[in-house]
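Participant: My structure is in protein14.cif, and what it holds is mmCIF, N, CA and C atoms and all ligand atoms:
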```cif
data_entry
loop_
_atom_site.label_atom_id
_atom_site.label_comp_id
_atom_site.auth_asym_id
_atom_site.auth_seq_id
_atom_site.Cartn_x
_atom_site.Cartn_y
_atom_site.Cartn_z
N MET A 1 0.84 -1.20 0.00
CA MET A 1 0.00 0.00 0.00
C MET A 1 0.87 1.24 0.00
N LYS A 2 0.49 2.16 -0.82
CA LYS A 2 1.30 3.36 -0.98
C LYS A 2 0.89 4.39 0.07
N ILE A 3 1.87 4.93 0.73
CA ILE A 3 1.58 5.96 1.73
C ILE A 3 1.93 7.33 1.16
N ALA A 4 1.00 8.23 1.28
CA ALA A 4 1.23 9.57 0.73
C ALA A 4 2.37 10.24 1.46
N THR A 5 3.29 10.79 0.72
CA THR A 5 4.39 11.52 1.36
C THR A 5 4.09 13.00 1.34
N PRO A 6 4.47 13.68 2.39
CA PRO A 6 4.20 15.12 2.45
C PRO A 6 4.94 15.84 1.34
N SER A 7 4.33 16.85 0.79
CA SER A 7 5.01 17.61 -0.25
C SER A 7 6.17 18.37 0.37
N LYS A 8 7.07 18.82 -0.47
CA LYS A 8 8.27 19.47 0.05
C LYS A 8 7.98 20.83 0.66
N ASN A 9 7.01 21.50 0.08
CA ASN A 9 6.72 22.85 0.58
C ASN A 9 5.55 22.82 1.54
N ARG A 10 5.83 22.50 2.75
CA ARG A 10 4.73 22.30 3.69
C ARG A 10 4.60 23.42 4.68
N PHE A 11 5.31 24.46 4.55
CA PHE A 11 5.29 25.52 5.54
C PHE A 11 3.89 25.83 6.04
N ARG A 12 3.40 26.97 5.67
CA ARG A 12 2.10 27.38 6.19
C ARG A 12 0.97 26.55 5.63
N SER A 13 1.16 26.11 4.41
CA SER A 13 0.06 25.39 3.79
C SER A 13 -0.22 24.08 4.50
N SER A 14 0.70 23.66 5.37
CA SER A 14 0.46 22.40 6.07
C SER A 14 -0.58 22.53 7.16
N ILE A 15 -0.87 23.75 7.56
CA ILE A 15 -1.81 23.93 8.67
C ILE A 15 -3.22 23.57 8.25
N HIS A 16 -3.65 24.15 7.15
CA HIS A 16 -5.06 24.06 6.83
C HIS A 16 -5.55 22.73 6.29
N PRO A 17 -4.78 22.05 5.48
CA PRO A 17 -5.28 20.75 5.01
C PRO A 17 -5.55 19.80 6.17
N LEU A 18 -4.93 20.02 7.30
CA LEU A 18 -5.15 19.14 8.45
C LEU A 18 -6.37 19.55 9.25
N PHE A 19 -6.93 20.65 8.89
CA PHE A 19 -8.05 21.18 9.66
C PHE A 19 -9.29 20.33 9.42
N ASP A 20 -9.86 19.83 10.47
CA ASP A 20 -11.08 19.04 10.37
C ASP A 20 -12.11 19.68 11.30
N PRO A 21 -13.14 20.27 10.72
CA PRO A 21 -14.10 21.00 11.55
C PRO A 21 -14.71 20.16 12.65
N ARG A 22 -14.98 18.88 12.38
CA ARG A 22 -15.60 18.06 13.42
C ARG A 22 -14.63 17.83 14.57
N LEU A 23 -13.38 17.59 14.21
CA LEU A 23 -12.36 17.42 15.24
C LEU A 23 -12.20 18.71 16.03
N ALA A 24 -12.21 19.81 15.30
CA ALA A 24 -12.06 21.11 15.96
C ALA A 24 -13.17 21.32 16.97
N LEU A 25 -14.38 20.95 16.60
CA LEU A 25 -15.51 21.15 17.50
C LEU A 25 -15.35 20.27 18.74
N ALA A 26 -14.91 19.05 18.51
CA ALA A 26 -14.72 18.14 19.64
C ALA A 26 -13.64 18.66 20.58
N ILE A 27 -12.57 19.13 20.00
CA ILE A 27 -11.48 19.66 20.83
C ILE A 27 -11.93 20.90 21.56
N LEU A 28 -12.67 21.72 20.82
CA LEU A 28 -13.18 22.95 21.42
C LEU A 28 -14.04 22.64 22.64
N ALA A 29 -14.94 21.70 22.48
CA ALA A 29 -15.80 21.33 23.60
C ALA A 29 -14.96 20.80 24.75
N ALA A 30 -13.96 20.00 24.40
CA ALA A 30 -13.10 19.43 25.44
C ALA A 30 -12.32 20.50 26.18
N PHE A 31 -11.98 21.57 25.44
CA PHE A 31 -11.24 22.67 26.07
C PHE A 31 -12.13 23.54 26.93
N LEU A 32 -13.20 23.99 26.30
CA LEU A 32 -13.95 25.09 26.90
C LEU A 32 -14.84 24.65 28.05
N LEU A 33 -15.46 23.51 27.92
CA LEU A 33 -16.37 23.10 28.99
C LEU A 33 -15.63 22.93 30.31
N PRO A 34 -14.55 22.18 30.33
CA PRO A 34 -13.82 22.05 31.61
C PRO A 34 -13.29 23.40 32.08
N LEU A 35 -12.92 24.25 31.14
CA LEU A 35 -12.39 25.56 31.52
C LEU A 35 -13.43 26.32 32.33
N PHE A 36 -14.64 26.40 31.77
CA PHE A 36 -15.67 27.16 32.45
C PHE A 36 -16.04 26.51 33.78
N GLN A 37 -16.08 25.20 33.77
CA GLN A 37 -16.44 24.51 35.01
C GLN A 37 -15.35 24.68 36.07
N ALA A 38 -14.12 24.83 35.60
CA ALA A 38 -13.00 24.88 36.54
C ALA A 38 -12.76 26.27 37.11
N LEU A 39 -13.36 27.28 36.48
CA LEU A 39 -13.05 28.64 36.90
C LEU A 39 -13.29 28.92 38.38
N PRO A 40 -14.46 28.55 38.92
CA PRO A 40 -14.68 28.84 40.35
C PRO A 40 -13.65 28.13 41.23
N ALA A 41 -13.35 26.89 40.88
CA ALA A 41 -12.37 26.14 41.66
C ALA A 41 -11.01 26.81 41.59
N PHE A 42 -10.72 27.29 40.39
CA PHE A 42 -9.43 27.93 40.19
C PHE A 42 -9.33 29.20 41.04
N ALA A 43 -10.41 29.95 41.05
CA ALA A 43 -10.42 31.21 41.80
C ALA A 43 -10.21 30.98 43.29
N GLN A 44 -10.65 29.83 43.76
CA GLN A 44 -10.49 29.54 45.18
C GLN A 44 -9.06 29.11 45.51
N GLY A 45 -8.28 28.96 44.48
CA GLY A 45 -6.87 28.68 44.71
C GLY A 45 -6.55 27.20 44.60
N ARG A 46 -5.56 26.90 43.76
CA ARG A 46 -5.11 25.53 43.66
C ARG A 46 -3.68 25.50 44.16
N ASP A 47 -3.05 24.37 44.02
CA ASP A 47 -1.65 24.27 44.44
C ASP A 47 -0.85 25.36 43.76
N HIS A 48 -0.03 26.03 44.51
CA HIS A 48 0.83 26.99 43.85
C HIS A 48 1.94 26.27 43.13
N GLY A 49 2.29 26.83 41.99
CA GLY A 49 3.45 26.32 41.26
C GLY A 49 3.32 24.90 40.75
N SER A 50 2.13 24.50 40.34
CA SER A 50 2.04 23.16 39.77
C SER A 50 2.70 23.15 38.40
N HIS A 51 3.40 22.09 38.11
CA HIS A 51 4.12 22.01 36.84
C HIS A 51 3.51 20.96 35.94
N GLY A 52 3.28 21.37 34.68
CA GLY A 52 2.86 20.40 33.68
C GLY A 52 1.55 19.74 34.01
N GLY A 53 1.35 18.60 33.44
CA GLY A 53 0.13 17.83 33.69
C GLY A 53 -1.11 18.60 33.31
N SER A 54 -2.05 18.65 34.18
CA SER A 54 -3.36 19.20 33.84
C SER A 54 -3.39 20.72 33.89
N ALA A 55 -2.31 21.33 34.29
CA ALA A 55 -2.34 22.77 34.52
C ALA A 55 -1.95 23.60 33.29
N GLN A 56 -2.00 22.99 32.08
CA GLN A 56 -1.67 23.75 30.88
C GLN A 56 -2.60 24.93 30.72
N SER A 57 -2.06 26.07 30.39
CA SER A 57 -2.92 27.24 30.24
C SER A 57 -3.58 27.24 28.87
N ILE A 58 -4.75 27.84 28.83
CA ILE A 58 -5.51 27.93 27.60
C ILE A 58 -5.46 29.37 27.12
N ASP A 59 -5.04 29.52 25.88
CA ASP A 59 -4.94 30.86 25.32
C ASP A 59 -6.08 31.06 24.33
N HIS A 60 -6.66 32.22 24.36
CA HIS A 60 -7.87 32.50 23.61
C HIS A 60 -7.71 33.86 22.95
N GLN A 61 -7.85 33.88 21.63
CA GLN A 61 -7.56 35.10 20.89
C GLN A 61 -8.62 35.29 19.82
N ILE A 62 -9.05 36.51 19.58
CA ILE A 62 -10.01 36.78 18.51
C ILE A 62 -9.38 37.74 17.52
N ILE A 63 -9.39 37.34 16.25
CA ILE A 63 -8.75 38.11 15.20
C ILE A 63 -9.78 38.48 14.14
N VAL A 64 -9.84 39.74 13.78
CA VAL A 64 -10.77 40.17 12.74
C VAL A 64 -10.15 39.91 11.37
N ALA A 65 -10.91 39.27 10.49
CA ALA A 65 -10.39 38.95 9.16
C ALA A 65 -11.48 39.16 8.11
N ARG A 66 -11.07 39.13 6.86
CA ARG A 66 -12.01 39.38 5.77
C ARG A 66 -11.82 38.38 4.64
N GLY A 67 -12.90 38.21 3.87
CA GLY A 67 -12.80 37.32 2.73
C GLY A 67 -14.10 37.25 1.98
N THR A 68 -14.21 36.25 1.09
CA THR A 68 -15.42 36.04 0.30
C THR A 68 -15.95 34.64 0.59
N LEU A 69 -17.25 34.58 0.84
CA LEU A 69 -17.89 33.30 1.13
C LEU A 69 -18.01 32.49 -0.17
N THR A 70 -17.40 31.35 -0.22
CA THR A 70 -17.51 30.55 -1.44
C THR A 70 -18.42 29.35 -1.25
N GLU A 71 -18.77 29.03 -0.01
CA GLU A 71 -19.62 27.87 0.25
C GLU A 71 -20.27 28.01 1.61
N LEU A 72 -21.52 27.61 1.73
CA LEU A 72 -22.20 27.58 3.03
C LEU A 72 -22.75 26.18 3.24
N ASN A 73 -22.46 25.59 4.36
CA ASN A 73 -22.95 24.25 4.70
C ASN A 73 -23.63 24.28 6.06
N PRO A 74 -24.84 24.84 6.11
CA PRO A 74 -25.51 24.98 7.41
C PRO A 74 -25.70 23.65 8.13
N SER A 75 -25.93 22.57 7.38
CA SER A 75 -26.18 21.29 8.04
C SER A 75 -24.93 20.79 8.77
N GLU A 76 -23.77 21.25 8.31
CA GLU A 76 -22.53 20.85 8.98
C GLU A 76 -21.97 21.96 9.86
N GLY A 77 -22.60 23.11 9.80
CA GLY A 77 -22.12 24.22 10.61
C GLY A 77 -20.83 24.83 10.11
N THR A 78 -20.57 24.67 8.81
CA THR A 78 -19.31 25.17 8.27
C THR A 78 -19.53 26.09 7.06
N VAL A 79 -18.54 26.90 6.81
CA VAL A 79 -18.50 27.70 5.59
C VAL A 79 -17.11 27.53 4.98
N VAL A 80 -17.00 27.89 3.71
CA VAL A 80 -15.68 27.96 3.09
C VAL A 80 -15.47 29.42 2.71
N ILE A 81 -14.34 29.94 3.08
CA ILE A 81 -14.04 31.35 2.82
C ILE A 81 -12.73 31.48 2.07
N ASP A 82 -12.78 32.29 1.02
CA ASP A 82 -11.56 32.69 0.33
C ASP A 82 -11.06 33.90 1.11
N HIS A 83 -10.19 33.65 2.09
CA HIS A 83 -9.85 34.74 3.01
C HIS A 83 -8.58 35.47 2.63
N GLU A 84 -8.52 36.72 3.04
CA GLU A 84 -7.30 37.50 2.87
C GLU A 84 -6.25 36.98 3.84
N ALA A 85 -5.03 37.44 3.70
CA ALA A 85 -3.97 37.04 4.62
C ALA A 85 -4.38 37.39 6.05
N ILE A 86 -4.01 36.50 6.98
CA ILE A 86 -4.29 36.74 8.41
C ILE A 86 -2.95 36.65 9.14
N PRO A 87 -2.21 37.76 9.13
CA PRO A 87 -0.84 37.76 9.66
C PRO A 87 -0.76 37.31 11.13
N ALA A 88 -1.81 37.60 11.90
CA ALA A 88 -1.76 37.28 13.32
C ALA A 88 -1.58 35.78 13.57
N VAL A 89 -2.02 34.95 12.62
CA VAL A 89 -1.81 33.51 12.77
C VAL A 89 -0.87 32.97 11.71
N GLY A 90 -0.24 33.89 10.95
CA GLY A 90 0.75 33.46 9.96
C GLY A 90 0.15 32.81 8.72
N TRP A 91 -1.10 33.11 8.42
CA TRP A 91 -1.73 32.51 7.24
C TRP A 91 -1.69 33.46 6.07
N GLU A 92 -1.35 32.91 4.92
CA GLU A 92 -1.47 33.68 3.70
C GLU A 92 -2.91 33.58 3.22
N ALA A 93 -3.23 34.37 2.20
CA ALA A 93 -4.57 34.30 1.62
C ALA A 93 -4.80 32.89 1.07
N MET A 94 -5.99 32.35 1.31
CA MET A 94 -6.30 31.01 0.79
C MET A 94 -7.79 30.72 0.95
N VAL A 95 -8.19 29.64 0.35
CA VAL A 95 -9.58 29.18 0.47
C VAL A 95 -9.59 28.03 1.47
N MET A 96 -10.41 28.14 2.50
CA MET A 96 -10.41 27.08 3.51
C MET A 96 -11.74 27.02 4.25
N PRO A 97 -12.03 25.88 4.87
CA PRO A 97 -13.27 25.74 5.63
C PRO A 97 -13.13 26.29 7.04
N PHE A 98 -14.22 26.76 7.57
CA PHE A 98 -14.28 27.21 8.96
C PHE A 98 -15.54 26.69 9.62
N GLU A 99 -15.42 26.41 10.88
CA GLU A 99 -16.58 26.07 11.70
C GLU A 99 -17.21 27.37 12.20
N LEU A 100 -18.55 27.46 12.14
CA LEU A 100 -19.20 28.61 12.76
C LEU A 100 -19.61 28.21 14.17
N LYS A 101 -19.45 29.14 15.08
CA LYS A 101 -19.72 28.86 16.49
C LYS A 101 -21.17 28.45 16.70
N ASP A 102 -22.05 28.97 15.84
CA ASP A 102 -23.46 28.88 16.14
C ASP A 102 -24.25 28.99 14.83
N GLY A 103 -25.26 28.15 14.68
CA GLY A 103 -26.03 28.11 13.44
C GLY A 103 -26.71 29.42 13.08
N SER A 104 -26.99 30.24 14.07
CA SER A 104 -27.67 31.50 13.78
C SER A 104 -26.78 32.44 12.96
N LEU A 105 -25.50 32.18 12.97
CA LEU A 105 -24.58 33.04 12.21
C LEU A 105 -24.79 32.92 10.70
N PHE A 106 -25.48 31.86 10.27
CA PHE A 106 -25.73 31.71 8.83
C PHE A 106 -26.78 32.71 8.33
N GLU A 107 -27.56 33.23 9.22
CA GLU A 107 -28.63 34.15 8.83
C GLU A 107 -28.08 35.35 8.08
N GLY A 108 -28.69 35.62 6.94
CA GLY A 108 -28.32 36.80 6.16
C GLY A 108 -27.07 36.62 5.32
N LEU A 109 -26.49 35.42 5.33
CA LEU A 109 -25.29 35.19 4.52
C LEU A 109 -25.65 34.42 3.26
N LYS A 110 -24.96 34.72 2.19
CA LYS A 110 -25.13 33.93 0.98
C LYS A 110 -23.80 33.81 0.24
N LYS A 111 -23.75 32.80 -0.59
CA LYS A 111 -22.55 32.55 -1.38
C LYS A 111 -22.15 33.81 -2.15
N GLY A 112 -20.89 34.11 -2.15
CA GLY A 112 -20.40 35.28 -2.89
C GLY A 112 -20.29 36.54 -2.06
N ASP A 113 -20.87 36.52 -0.86
CA ASP A 113 -20.78 37.70 0.00
C ASP A 113 -19.34 38.01 0.40
N ARG A 114 -19.05 39.29 0.42
CA ARG A 114 -17.81 39.74 1.07
C ARG A 114 -18.11 39.75 2.55
N VAL A 115 -17.28 39.13 3.34
CA VAL A 115 -17.57 39.05 4.77
C VAL A 115 -16.41 39.54 5.63
N ARG A 116 -16.79 39.95 6.81
CA ARG A 116 -15.84 40.32 7.85
C ARG A 116 -16.14 39.35 8.98
N PHE A 117 -15.13 38.70 9.53
CA PHE A 117 -15.42 37.70 10.55
C PHE A 117 -14.41 37.74 11.70
N ASP A 118 -14.89 37.26 12.84
CA ASP A 118 -14.02 37.12 14.01
C ASP A 118 -13.51 35.68 14.03
N LEU A 119 -12.23 35.53 13.81
CA LEU A 119 -11.61 34.21 13.90
C LEU A 119 -11.15 34.02 15.35
N THR A 120 -11.73 33.04 16.01
CA THR A 120 -11.33 32.76 17.38
C THR A 120 -10.32 31.61 17.37
N VAL A 121 -9.23 31.82 18.05
CA VAL A 121 -8.14 30.85 18.09
C VAL A 121 -7.96 30.41 19.54
N VAL A 122 -8.13 29.13 19.79
CA VAL A 122 -7.98 28.61 21.14
C VAL A 122 -6.80 27.65 21.15
N THR A 123 -5.84 27.92 22.01
CA THR A 123 -4.63 27.10 22.06
C THR A 123 -4.44 26.52 23.44
N GLN A 124 -4.18 25.23 23.50
CA GLN A 124 -3.81 24.60 24.77
C GLN A 124 -2.66 23.66 24.47
N GLY A 125 -1.52 23.92 25.08
CA GLY A 125 -0.34 23.11 24.78
C GLY A 125 -0.05 23.19 23.30
N ASP A 126 0.09 22.04 22.64
CA ASP A 126 0.40 22.07 21.21
C ASP A 126 -0.86 21.93 20.36
N LYS A 127 -2.03 22.03 20.98
CA LYS A 127 -3.27 21.92 20.22
C LYS A 127 -3.88 23.29 19.99
N THR A 128 -4.29 23.53 18.77
CA THR A 128 -4.92 24.80 18.43
C THR A 128 -6.18 24.54 17.63
N VAL A 129 -7.26 25.20 18.00
CA VAL A 129 -8.46 25.10 17.18
C VAL A 129 -8.87 26.51 16.74
N TYR A 130 -9.49 26.55 15.57
CA TYR A 130 -9.93 27.80 14.98
C TYR A 130 -11.42 27.70 14.69
N PHE A 131 -12.15 28.74 15.01
CA PHE A 131 -13.54 28.76 14.58
C PHE A 131 -13.99 30.21 14.44
N ILE A 132 -15.11 30.40 13.78
CA ILE A 132 -15.62 31.76 13.58
C ILE A 132 -16.69 32.03 14.62
N SER A 133 -16.46 33.07 15.41
CA SER A 133 -17.41 33.39 16.49
C SER A 133 -18.38 34.49 16.09
N ASP A 134 -18.08 35.19 15.01
CA ASP A 134 -19.03 36.17 14.49
C ASP A 134 -18.69 36.42 13.04
N ILE A 135 -19.72 36.69 12.23
CA ILE A 135 -19.47 36.93 10.80
C ILE A 135 -20.61 37.78 10.25
N GLU A 136 -20.27 38.70 9.37
CA GLU A 136 -21.32 39.49 8.74
C GLU A 136 -20.89 39.90 7.35
N ALA A 137 -21.88 40.04 6.46
CA ALA A 137 -21.59 40.53 5.12
C ALA A 137 -21.28 42.01 5.22
N GLU A 138 -20.39 42.49 4.37
CA GLU A 138 -20.10 43.93 4.42
C GLU A 138 -20.19 44.55 3.05
CU CU B 1 -6.45 29.85 5.78
#
```
Write out the structure in this file as structure tokens.
Ligand SMILES: [Cu+2]
Facilitator:
Amino acid sequence: MKIATPSKNRFRSSIHPLFDPRLALAILAAFLLPLFQALPAFAQGRDHGSHGGSAQSIDHQIIVARGTLTELNPSEGTVVIDHEAIPAVGWEAMVMPFELKDGSLFEGLKKGDRVRFDLTVVTQGDKTVYFISDIEAE
């Protein structure tokens, strides 16, 4: 059986082909739910100076970006956007799928719209998920 070998030029372009919206959603849920549940406990104070293990910090960032909607898949909760460069995450302009945070975000959008969107980036350890937390035609 032939195993696909990675192409030689895998720099930034290697990020997006690996993006799987369903996986992203699962990871997102795994990140955020425990985070919110843990907040009160955290505020009450945990061991000082715990190293590694479960104490990895979660980083959360929202980046405004723009592009053109090339596909809408409400049943899957995803869109495809031909987006402009997003320097904050090191992405060049490209066409790629995104998960929408919420089905109501599809309202008022149609294929071909120029859109402005909030790209939310959640990072924990070496795992990063991307999703759109707000989007509107402009
Ligand atoms: Cu991209």
Participant: I'd like to know which of A:Glu136, A:Glu99, A:Asp113, A:Glu84 is closest to ligand CU 1 (chain B), using all atoms listed in the file.
Facilitator: A:Glu84
Participant: Ranking A:Glu76, A:Asp59, A:Glu71, A:Asp82 by minimum distance to ligand CU 1 (chain B) and counting all atoms listed in the file, which one comes first?
Facilitator: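 Looking only at the distances to ligand CU 1 (chain B), the closest residue turns out to be A:Asp82.
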Participant: Return as a list of chain:residue names every polymer residue, whether protein, DNA or RNA, with at least one atom no more than 7 Å from an atom of ligand CU 1 (chain B); count only C-alpha atoms and all ligand atoms.
Facilitator: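 Checking only C-alpha atoms and all ligand atoms against ligand CU 1 (chain B) at 7 Å gives A:His16, A:His83, A:Trp91, A:Glu92, A:Ala93, A:Met94, A:Val95, A:Met96.
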Participant: Write out as a PyMOL selection string each polymer residue whose atoms come within 7 Å of Leu72 (chain A), counting only N, CA and C atoms; drop sequence neighbours fewer than 5 positions from it.
Facilitator: chain A and resi 78-80+110-111
Participant: Considering only N, CA and C atoms, state which residue in the set A:Val64, A:Ile58, A:Leu109, A:Ile86 is at the smallest distance from Gly125 (chain A).
Facilitator: A:Ile58
Participant: Give the answer as one residue: which of A:Phe117, A:Leu100, A:Gln124, A:Pro87 has the shortest atom-to-atom distance to Gln56 (chain A), using all atoms listed in the file?
Facilitator: A:Gln124
Participant: Tell me which of A:Leu105, A:Ala137, A:Val115, A:Ala88 sits closest to Ile63 (chain A), counting all atoms listed in the file.
Facilitator: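 Going through A:Leu105, A:Ala137, A:Val115, A:Ala88 one by one, the smallest distance to Ile63 (chain A) is for A:Ala88.
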Participant: By how many Å are atom N of Lys101 (chain A) and CA of Ile132 (chain A) apart?
Facilitator: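 Distance between the two atoms: 4.9 Å.
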